[in-house]
$ cat coords_25.txt   # compact mmCIF, C-alpha atoms
# COMPACT_ATOMS: atom_id res chain seq x y z
CA MET L 21 -2.90 16.48 17.66
CA SER L 22 -3.13 19.88 19.32
CA LYS L 23 -3.91 23.08 17.43
CA TYR L 24 -0.50 24.61 18.18
CA LYS L 25 1.35 21.51 17.01
CA LYS L 26 -0.54 21.62 13.70
CA ILE L 27 0.41 25.29 13.28
CA TRP L 28 4.10 24.50 13.90
CA ILE L 29 4.05 21.62 11.41
CA ILE L 30 2.38 23.74 8.73
CA THR L 31 4.83 26.62 9.36
CA ALA L 32 7.84 24.31 9.20
CA SER L 33 6.57 22.74 5.96
CA VAL L 34 6.08 26.17 4.37
CA LEU L 35 9.61 27.23 5.37
CA VAL L 36 11.04 24.03 3.87
CA VAL L 37 9.21 24.64 0.60
CA ILE L 38 10.39 28.27 0.53
CA GLY L 39 13.96 27.11 1.15
CA ILE L 40 13.79 24.60 -1.70
CA VAL L 41 12.40 27.22 -4.06
CA VAL L 42 15.08 29.78 -3.12
CA PHE L 43 17.83 27.17 -3.47
CA SER L 44 16.52 26.08 -6.89
CA LEU L 45 16.33 29.67 -8.14
CA ALA L 46 19.86 30.39 -6.91
CA MET L 47 21.21 27.26 -8.59
CA GLN L 48 19.43 28.06 -11.85
CA ILE L 49 20.96 31.54 -11.85
CA ASN L 50 24.40 29.93 -11.37
CA ARG L 51 23.64 27.19 -13.93
CA TRP L 52 23.80 24.54 -11.19
CA ASP L 53 27.44 25.30 -10.45
CA PHE L 54 27.76 24.13 -6.85
CA SER L 55 31.11 25.90 -6.47
CA ALA L 56 29.16 29.17 -6.59
CA LEU L 57 27.78 28.29 -3.15
CA ASN L 58 31.26 28.36 -1.66
CA THR L 59 31.45 30.88 1.20
CA TYR L 60 35.19 30.47 1.85
CA GLU L 61 37.32 33.20 0.28
CA THR L 62 40.07 31.82 -1.91
CA GLU L 63 43.28 33.22 -3.34
CA ILE L 64 46.10 32.04 -5.56
CA ASN L 65 49.61 32.15 -4.13
CA THR L 66 52.78 31.23 -6.02
CA TYR L 67 55.91 30.13 -4.17
CA ASP L 68 59.10 30.21 -6.25
CA ILE L 69 61.79 27.73 -5.24
CA SER L 70 65.40 28.73 -5.92
CA GLU L 71 67.08 25.98 -3.89
CA GLU L 72 67.98 22.59 -5.29
CA ILE L 73 65.59 19.89 -4.07
CA SER L 74 65.81 16.11 -3.98
CA ASN L 75 62.91 15.17 -1.69
CA ILE L 76 59.26 16.26 -1.73
CA ASN L 77 57.04 16.15 1.35
CA ILE L 78 53.41 17.31 1.25
CA ASP L 79 51.20 17.25 4.36
CA THR L 80 47.77 18.81 3.99
CA ASP L 81 44.17 18.32 5.07
CA THR L 82 42.07 19.05 1.99
CA ALA L 83 43.46 19.71 -1.49
CA ASP L 84 43.78 18.27 -4.97
CA ILE L 85 47.49 17.76 -5.61
CA TYR L 86 49.04 17.75 -9.08
CA PHE L 87 52.65 17.27 -10.14
CA VAL L 88 53.63 18.91 -13.43
CA LYS L 89 56.87 18.99 -15.41
CA SER L 90 57.98 22.62 -15.52
CA GLN L 91 58.21 24.07 -19.02
CA ASP L 92 60.56 26.90 -18.04
CA ASN L 93 62.86 24.84 -15.78
CA VAL L 94 61.64 26.78 -12.74
CA CYS L 95 60.56 25.02 -9.58
CA LYS L 96 57.45 26.52 -8.00
CA VAL L 97 54.37 25.62 -6.02
CA VAL L 98 51.05 27.25 -6.95
CA CYS L 99 48.35 27.06 -4.28
CA ASN L 100 44.74 27.90 -5.04
CA GLU L 101 43.81 27.99 -1.37
CA TYR L 102 41.44 29.35 1.23
CA LYS L 103 42.57 32.56 2.91
CA LYS L 104 42.24 30.99 6.33
CA ILE L 105 43.75 27.62 5.38
CA LYS L 106 46.98 28.56 3.65
CA HIS L 107 50.05 26.50 2.99
CA THR L 108 53.64 27.03 4.01
CA VAL L 109 56.25 26.15 1.39
CA THR L 110 59.82 25.68 2.63
CA VAL L 111 63.06 24.00 1.60
CA ASN L 112 65.36 22.52 4.22
CA GLU L 113 68.39 20.37 3.43
CA GLY L 114 67.09 19.53 -0.01
CA THR L 115 63.54 18.67 1.06
CA LEU L 116 60.63 20.66 -0.33
CA THR L 117 57.89 20.72 2.30
CA VAL L 118 54.32 21.90 1.69
CA LYS L 119 52.14 22.01 4.78
CA SER L 120 48.68 23.39 5.49
CA VAL L 121 48.16 25.94 8.27
CA ASP L 122 44.59 26.25 9.54
CA THR L 123 43.87 29.65 11.13
CA ARG L 124 40.08 29.32 11.26
CA LYS L 125 38.13 30.19 14.37
CA TRP L 126 35.07 28.27 15.51
CA GLN L 127 32.64 30.53 13.66
CA ASP L 128 34.50 29.95 10.39
CA TYR L 129 33.41 26.30 10.41
CA ILE L 130 29.81 27.45 9.83
CA ALA L 131 30.23 27.78 6.09
CA VAL L 132 29.56 26.17 2.73
CA VAL L 133 32.61 24.53 1.19
CA ALA L 134 31.84 23.46 -2.39
CA LYS L 135 35.27 23.74 -4.02
CA SER L 136 38.48 21.98 -3.03
CA PRO L 137 41.80 23.83 -2.81
CA LYS L 138 44.39 22.90 -5.41
CA ILE L 139 48.15 22.50 -5.10
CA THR L 140 50.23 22.32 -8.29
CA VAL L 141 53.91 21.44 -7.94
CA PHE L 142 56.00 22.41 -10.99
CA LEU L 143 59.24 20.39 -11.06
CA PRO L 144 62.14 21.17 -13.42
CA LYS L 145 63.87 17.79 -13.16
CA GLU L 146 62.55 14.34 -13.89
CA GLU L 147 64.32 12.38 -11.14
CA TYR L 148 63.99 12.90 -7.37
CA ALA L 149 64.66 10.85 -4.27
CA LEU L 150 61.72 10.54 -1.87
CA LEU L 151 58.12 11.54 -2.56
CA THR L 152 55.87 11.63 0.50
CA VAL L 153 52.25 12.79 0.39
CA LYS L 154 49.91 12.66 3.37
CA GLU L 155 46.46 14.20 3.32
CA SER L 156 42.88 13.73 4.44
CA THR L 157 40.69 14.59 1.45
CA GLY L 158 41.53 15.24 -2.19
CA ASP L 159 42.75 13.74 -5.44
CA ILE L 160 46.42 13.16 -6.25
CA LYS L 161 47.94 12.88 -9.73
CA VAL L 162 51.57 11.95 -10.43
CA PRO L 163 52.31 11.73 -14.19
CA ARG L 164 54.78 9.47 -15.97
CA ASN L 165 57.34 12.27 -16.46
CA PHE L 166 58.93 11.56 -13.08
CA LYS L 167 61.05 8.92 -11.40
CA PHE L 168 61.65 8.64 -7.65
CA LEU L 169 63.78 6.55 -5.38
CA SER L 170 60.60 5.74 -3.42
CA ALA L 171 57.06 7.09 -3.29
CA ASP L 172 54.76 6.92 -0.26
CA ILE L 173 51.19 8.28 -0.60
CA SER L 174 48.53 8.03 2.11
CA LEU L 175 45.03 9.46 1.77
CA SER L 176 41.79 9.16 3.70
CA THR L 177 39.24 10.08 1.01
CA GLY L 178 40.00 10.66 -2.66
CA ASP L 179 41.47 9.12 -5.79
CA VAL L 180 45.10 8.57 -6.75
CA GLU L 181 46.45 8.39 -10.30
CA PHE L 182 50.09 7.33 -10.36
CA SER L 183 52.08 6.90 -13.58
CA ALA L 184 55.61 7.68 -12.41
CA SER L 185 58.34 5.15 -11.65
CA ALA L 186 60.45 4.35 -8.61
CA GLU L 187 63.75 2.59 -8.12
CA LYS L 188 62.49 0.97 -4.92
CA THR L 189 58.94 1.09 -3.54
CA VAL L 190 55.69 2.69 -4.64
CA LYS L 191 53.30 2.56 -1.69
CA ILE L 192 49.76 3.96 -1.92
CA GLU L 193 47.27 3.61 0.93
CA LEU L 194 43.66 4.86 0.87
CA SER L 195 40.70 4.53 3.17
CA THR L 196 37.99 5.43 0.64
CA GLY L 197 38.71 6.02 -3.04
CA ASP L 198 40.17 4.50 -6.18
CA ILE L 199 43.78 3.83 -7.16
CA GLU L 200 44.95 3.85 -10.77
CA VAL L 201 48.53 2.83 -11.53
CA GLU L 202 49.69 3.00 -15.14
CA ASN L 203 53.02 2.78 -16.99
CA THR L 204 54.91 2.32 -13.73
CA LEU L 205 58.29 0.65 -13.29
CA CYS L 206 59.37 -0.14 -9.72
CA ASP L 207 60.78 -2.80 -7.42
CA MET L 208 57.87 -3.13 -4.96
CA LEU L 209 54.29 -2.02 -5.69
CA ASP L 210 52.24 -1.89 -2.48
CA LEU L 211 48.59 -0.85 -2.85
CA THR L 212 45.99 -0.76 -0.06
CA VAL L 213 42.42 0.53 -0.09
CA SER L 214 39.67 -0.13 2.44
CA THR L 215 36.77 0.78 0.13
CA GLY L 216 37.44 1.38 -3.54
CA GLU L 217 38.76 -0.07 -6.77
CA ILE L 218 42.32 -0.61 -7.95
CA GLU L 219 43.34 -0.62 -11.61
CA ILE L 220 46.89 -1.49 -12.65
CA SER L 221 47.97 -1.43 -16.29
CA ASP L 222 51.15 -1.52 -18.40
CA THR L 223 53.30 -1.91 -15.31
CA VAL L 224 56.51 -3.83 -14.54
CA CYS L 225 57.71 -4.55 -11.00
CA THR L 226 59.55 -7.17 -8.99
CA ASN L 227 56.82 -7.77 -6.40
CA LEU L 228 53.20 -6.65 -6.10
CA ILE L 229 51.12 -6.80 -2.94
CA SER L 230 47.59 -5.48 -2.45
CA SER L 231 45.00 -5.70 0.31
CA GLY L 232 41.53 -4.25 0.78
CA SER L 233 38.12 -4.74 2.29
CA THR L 234 35.62 -3.78 -0.42
CA GLY L 235 36.34 -3.21 -4.10
CA ASP L 236 37.58 -4.82 -7.29
CA ILE L 237 41.16 -5.04 -8.48
CA SER L 238 42.17 -5.47 -12.12
CA LEU L 239 45.57 -6.10 -13.69
CA GLU L 240 46.06 -5.45 -17.41
CA ASN L 241 49.41 -6.09 -19.06
CA VAL L 242 51.17 -6.27 -15.69
CA ASN L 243 54.48 -8.14 -15.52
CA VAL L 244 55.69 -9.06 -12.04
CA LYS L 245 59.06 -10.80 -11.91
CA GLU L 246 58.64 -12.60 -8.60
CA LYS L 247 55.35 -12.62 -6.66
CA ILE L 248 51.82 -11.22 -6.74
CA SER L 249 49.92 -11.33 -3.44
CA ILE L 250 46.30 -10.09 -3.38
CA LYS L 251 43.86 -10.20 -0.46
CA ARG L 252 40.25 -8.98 -0.62
CA SER L 253 37.24 -9.31 1.63
CA THR L 254 34.61 -8.36 -0.98
CA GLY L 255 35.49 -7.73 -4.60
CA GLU L 256 36.50 -9.32 -7.86
CA VAL L 257 40.05 -9.97 -9.04
CA GLU L 258 40.71 -9.85 -12.77
CA PHE L 259 43.88 -10.64 -14.71
CA GLU L 260 44.26 -9.62 -18.34
CA ASP L 261 47.47 -10.64 -20.09
CA SER L 262 49.35 -10.38 -16.80
CA ASP L 263 51.79 -12.69 -15.04
CA ALA L 264 54.23 -13.31 -12.19
CA GLY L 265 56.63 -15.98 -11.00
CA GLU L 266 54.16 -16.90 -8.27
CA ILE L 267 50.59 -15.74 -7.66
CA PHE L 268 48.59 -15.84 -4.43
CA VAL L 269 44.98 -14.60 -4.32
CA LYS L 270 42.62 -14.85 -1.36
CA THR L 271 39.09 -13.41 -1.31
CA ALA L 272 36.01 -13.90 0.82
CA THR L 273 33.40 -12.85 -1.75
CA GLY L 274 34.18 -12.28 -5.41
CA ASP L 275 35.22 -13.98 -8.64
CA VAL L 276 38.82 -14.47 -9.73
CA THR L 277 39.06 -14.49 -13.52
CA GLY L 278 41.29 -13.68 -16.46
CA THR L 279 44.33 -14.66 -18.52
CA LEU L 280 47.91 -15.37 -17.49
CA LEU L 281 50.85 -15.54 -19.89
CA THR L 282 52.76 -18.63 -18.70
CA ASP L 283 51.93 -22.04 -17.28
CA LYS L 284 51.36 -22.37 -13.56
CA ILE L 285 50.82 -25.12 -11.03
CA PHE L 286 47.30 -24.28 -9.86
CA ILE L 287 45.89 -24.75 -6.38
CA ALA L 288 42.32 -23.44 -6.54
CA GLU L 289 39.66 -23.66 -3.83
CA SER L 290 36.15 -22.20 -3.65
CA SER L 291 33.57 -22.99 -0.97
CA SER L 292 30.60 -22.18 -3.22
CA GLY L 293 31.70 -21.42 -6.74
CA TYR L 294 32.74 -22.86 -10.10
CA ILE L 295 36.42 -23.63 -10.70
CA ASN L 296 37.97 -23.78 -14.18
CA VAL L 297 41.76 -23.60 -14.35
CA PRO L 298 44.29 -25.23 -16.72
CA ARG L 299 45.63 -28.66 -15.77
CA THR L 300 49.27 -27.76 -16.17
CA ALA L 301 52.06 -29.45 -14.22
CA VAL L 302 54.87 -26.96 -14.77
CA GLY L 303 55.51 -23.33 -13.87
CA GLY L 304 55.32 -21.29 -10.70
CA LYS L 305 52.67 -21.76 -8.04
CA CYS L 306 49.28 -20.06 -8.53
CA GLU L 307 47.20 -20.43 -5.37
CA ILE L 308 43.67 -18.98 -5.47
CA THR L 309 41.21 -19.28 -2.59
CA THR L 310 37.74 -17.79 -2.36
CA SER L 311 34.79 -18.48 -0.08
CA THR L 312 32.02 -17.29 -2.40
CA GLY L 313 32.93 -16.82 -6.05
CA ASP L 314 34.04 -18.48 -9.26
CA ILE L 315 37.63 -19.10 -10.31
CA LYS L 316 38.19 -19.03 -14.07
CA ILE L 317 41.77 -18.69 -15.37
CA ARG L 318 43.24 -19.51 -18.76
CA ILE L 319 46.75 -19.32 -20.23
CA GLY L 320 47.58 -17.23 -23.29
CA ARG L 321 46.55 -13.94 -24.79
$ encode --input "coords_25.txt" --output "structure tokens"
Amino acid sequence: MSKYKKIWIITASVLVVIGIVVFSLAMQINRWDFSALNTYETEINTYDISEEISNINIDTDTADIYFVKSQDNVCKVVCNEYKKIKHTVTVNEGTLTVKSVDTRKWQDYIAVVAKSPKITVFLPKEEYALLTVKESTGDIKVPRNFKFLSADISLSTGDVEFSASAEKTVKIELSTGDIEVENTLCDMLDLTVSTGEIEISDTVCTNLISSGSTGDISLENVNVKEKISIKRSTGEVEFEDSDAGEIFVKTATGDVTGTLLTDKIFIAESSSGYINVPRTAVGGKCEITTSTGDIKIRIGR
């Protein structure tokens, strides 16, 4: 190794050590609050809505989105947002639309972003028609106070907590993240996640379909009137005191276990796994297929 190369390596190592020390001191001063590193300027803007709304449409890149029942019967949208990535809030023909507007220049992308924007939608009524949310990164929470005609949520990276109800369909689609559905009443429950877990509890619907590549799915106290259809590449499927008229489960790798509430006619297949299902001859069809995994189902609480 040449003399100059040694000097460059030593210099680079010293600079790295200095950087680590400076970073550690800065974080200790800020009590390891990573949001203190944020270099984007933020501001809070409140948009009061005087028009009557029936539909809600949110289209944003990065934000945590919360729906809250208004305590003063006033509809408003509060955005804790970056100054250069603001949101427009409009109402047109009964549809409340919230959309992000990115005014950053190329040099603005050289920055530290340690805190997500936040959008809080305060709604005075409990029932609305269509809820549509489309975003890239962020968490979404819809509480049980609300009922919609249909709800359609799509998200690239983040978690979704949904506890509202819908007269027709609740559709939630994620690329990476977890889905939690609780205390929901709807006709069709359609849940898709590429990588992440799905938890469904205390829910009643007519049909339930779910697909995903990697991640577990659990159903606790879920009552489906007609059919459950679950497909997974890698992940476990667990039933706890749940049931449906017919059940279809197909996985490549993962166990299928749990308790159902009523008798079923079981068709269970596993290429390399243990199978233990009740030998009942009445009830709806329960077809479970897995390549690598055990199948263990029992009837009763």
$ closest_residue --input "coords_25.txt" --among "L:Thr110, L:Thr204, L:Ser120, L:Thr82" --to "Gly158 of chain L" --atoms "all atoms listed in the file"
L:Thr82
$ closest_residue --input "coords_25.txt" --among "L:Ser233, L:Phe87, L:Asn75, L:Val98" --to "Ser183 of chain L" --atoms "all atoms listed in the file"
L:Phe87
$ closest_residue --input "coords_25.txt" --among "L:Asn241, L:Thr271, L:Thr140, L:Ser170" --to "Asp210 of chain L" --atoms "only C-alpha atoms"
L:Ser170
$ atom_distance --input "coords_25.txt" --atom1 "atom CA of Val302 of chain L" --atom2 "atom CA of Asp275 of chain L"
24.3 Å
$ residues_around --input "coords_25.txt" --residues "Phe286 of chain L" --least-positions-apart "4" --cutoff "8 Å" --atoms "all atoms listed in the file" --output "list in words"
Val297, Pro298, Arg299, Thr300, Lys305, Cys306, Glu307 and Ile308 of chain L
$ residues_near_point --input "coords_25.txt" --point "(67.5, 20.1, 3.6)" --cutoff "12 Å" --atoms "all atoms listed in the file" --output "list of chain:residue names"
L:Glu71, L:Glu72, L:Ile73, L:Ser74, L:Asn75, L:Ile76, L:Asn77, L:Thr110, L:Val111, L:Asn112, L:Glu113, L:Gly114, L:Thr115, L:Leu116, L:Thr117
$ residues_around --input "coords_25.txt" --residues "Leu209 of chain L" --least-positions-apart "2" --cutoff "12 Å" --atoms "all atoms listed in the file" --output "NGL selection string"
:L and (170-173 or 182 or 184-193 or 201-202 or 204-207 or 211-212 or 220 or 223-231 or 242-250)
$ decode --input "coords_25.txt" --residues "segment 250-268 of chain L" --atoms "N, CA, C and O atoms" --output "mmCIF file, in the first residue's frame"
data_model
loop_
_atom_site.group_PDB
_atom_site.id
_atom_site.type_symbol
_atom_site.label_atom_id
_atom_site.label_comp_id
_atom_site.auth_asym_id
_atom_site.auth_seq_id
_atom_site.Cartn_x
_atom_site.Cartn_y
_atom_site.Cartn_z
ATOM 1 N N ILE L 250 -58.694 -16.973 1.850
ATOM 2 C CA ILE L 250 -57.389 -16.456 2.265
ATOM 3 C C ILE L 250 -56.297 -17.132 1.450
ATOM 4 O O ILE L 250 -56.249 -18.366 1.363
ATOM 5 N N LYS L 251 -55.401 -16.313 0.884
ATOM 6 C CA LYS L 251 -54.249 -16.834 0.143
ATOM 7 C C LYS L 251 -52.982 -16.173 0.675
ATOM 8 O O LYS L 251 -52.930 -14.962 0.820
ATOM 9 N N ARG L 252 -51.971 -16.998 0.962
ATOM 10 C CA ARG L 252 -50.698 -16.503 1.475
ATOM 11 C C ARG L 252 -49.554 -17.289 0.839
ATOM 12 O O ARG L 252 -49.662 -18.496 0.644
ATOM 13 N N SER L 253 -48.466 -16.592 0.548
ATOM 14 C CA SER L 253 -47.264 -17.291 0.109
ATOM 15 C C SER L 253 -46.486 -17.793 1.321
ATOM 16 O O SER L 253 -46.193 -18.975 1.440
ATOM 17 N N THR L 254 -46.153 -16.882 2.237
ATOM 18 C CA THR L 254 -45.416 -17.243 3.447
ATOM 19 C C THR L 254 -46.077 -16.575 4.644
ATOM 20 O O THR L 254 -46.140 -15.348 4.718
ATOM 21 N N GLY L 255 -46.568 -17.357 5.565
ATOM 22 C CA GLY L 255 -47.200 -16.787 6.748
ATOM 23 C C GLY L 255 -48.209 -17.750 7.343
ATOM 24 O O GLY L 255 -48.707 -18.662 6.668
ATOM 25 N N GLU L 256 -48.502 -17.546 8.611
ATOM 26 C CA GLU L 256 -49.436 -18.416 9.312
ATOM 27 C C GLU L 256 -50.847 -17.829 9.280
ATOM 28 O O GLU L 256 -51.032 -16.618 9.245
ATOM 29 N N VAL L 257 -51.813 -18.719 9.322
ATOM 30 C CA VAL L 257 -53.230 -18.339 9.362
ATOM 31 C C VAL L 257 -53.824 -18.900 10.651
ATOM 32 O O VAL L 257 -53.729 -20.101 10.913
ATOM 33 N N GLU L 258 -54.416 -18.015 11.444
ATOM 34 C CA GLU L 258 -54.940 -18.446 12.741
ATOM 35 C C GLU L 258 -56.388 -18.000 12.912
ATOM 36 O O GLU L 258 -56.718 -16.827 12.722
ATOM 37 N N PHE L 259 -57.240 -18.952 13.268
ATOM 38 C CA PHE L 259 -58.637 -18.670 13.584
ATOM 39 C C PHE L 259 -58.839 -18.812 15.092
ATOM 40 O O PHE L 259 -58.391 -19.792 15.693
ATOM 41 N N GLU L 260 -59.536 -17.860 15.677
ATOM 42 C CA GLU L 260 -59.890 -17.960 17.090
ATOM 43 C C GLU L 260 -61.358 -17.583 17.248
ATOM 44 O O GLU L 260 -61.740 -16.422 17.088
ATOM 45 N N ASP L 261 -62.173 -18.593 17.523
ATOM 46 C CA ASP L 261 -63.613 -18.377 17.707
ATOM 47 C C ASP L 261 -64.202 -17.604 16.528
ATOM 48 O O ASP L 261 -64.957 -16.644 16.701
ATOM 49 N N SER L 262 -63.851 -18.024 15.342
ATOM 50 C CA SER L 262 -64.333 -17.367 14.123
ATOM 51 C C SER L 262 -65.002 -18.397 13.228
ATOM 52 O O SER L 262 -64.825 -19.606 13.387
ATOM 53 N N ASP L 263 -65.788 -17.913 12.238
ATOM 54 C CA ASP L 263 -66.522 -18.862 11.418
ATOM 55 C C ASP L 263 -67.030 -18.199 10.146
ATOM 56 O O ASP L 263 -67.046 -16.970 10.025
ATOM 57 N N ALA L 264 -67.456 -19.072 9.201
ATOM 58 C CA ALA L 264 -68.060 -18.623 7.947
ATOM 59 C C ALA L 264 -68.854 -19.781 7.364
ATOM 60 O O ALA L 264 -68.683 -20.941 7.769
ATOM 61 N N GLY L 265 -69.723 -19.465 6.401
ATOM 62 C CA GLY L 265 -70.457 -20.530 5.739
ATOM 63 C C GLY L 265 -69.515 -21.494 5.047
ATOM 64 O O GLY L 265 -69.646 -22.717 5.165
ATOM 65 N N GLU L 266 -68.540 -20.935 4.317
ATOM 66 C CA GLU L 266 -67.504 -21.721 3.664
ATOM 67 C C GLU L 266 -66.152 -21.066 3.903
ATOM 68 O O GLU L 266 -66.058 -19.839 3.985
ATOM 69 N N ILE L 267 -65.109 -21.881 3.985
ATOM 70 C CA ILE L 267 -63.767 -21.357 4.252
ATOM 71 C C ILE L 267 -62.781 -21.992 3.278
ATOM 72 O O ILE L 267 -62.747 -23.223 3.117
ATOM 73 N N PHE L 268 -61.980 -21.140 2.639
ATOM 74 C CA PHE L 268 -60.948 -21.596 1.714
ATOM 75 C C PHE L 268 -59.625 -20.929 2.099
ATOM 76 O O PHE L 268 -59.526 -19.701 2.116
#
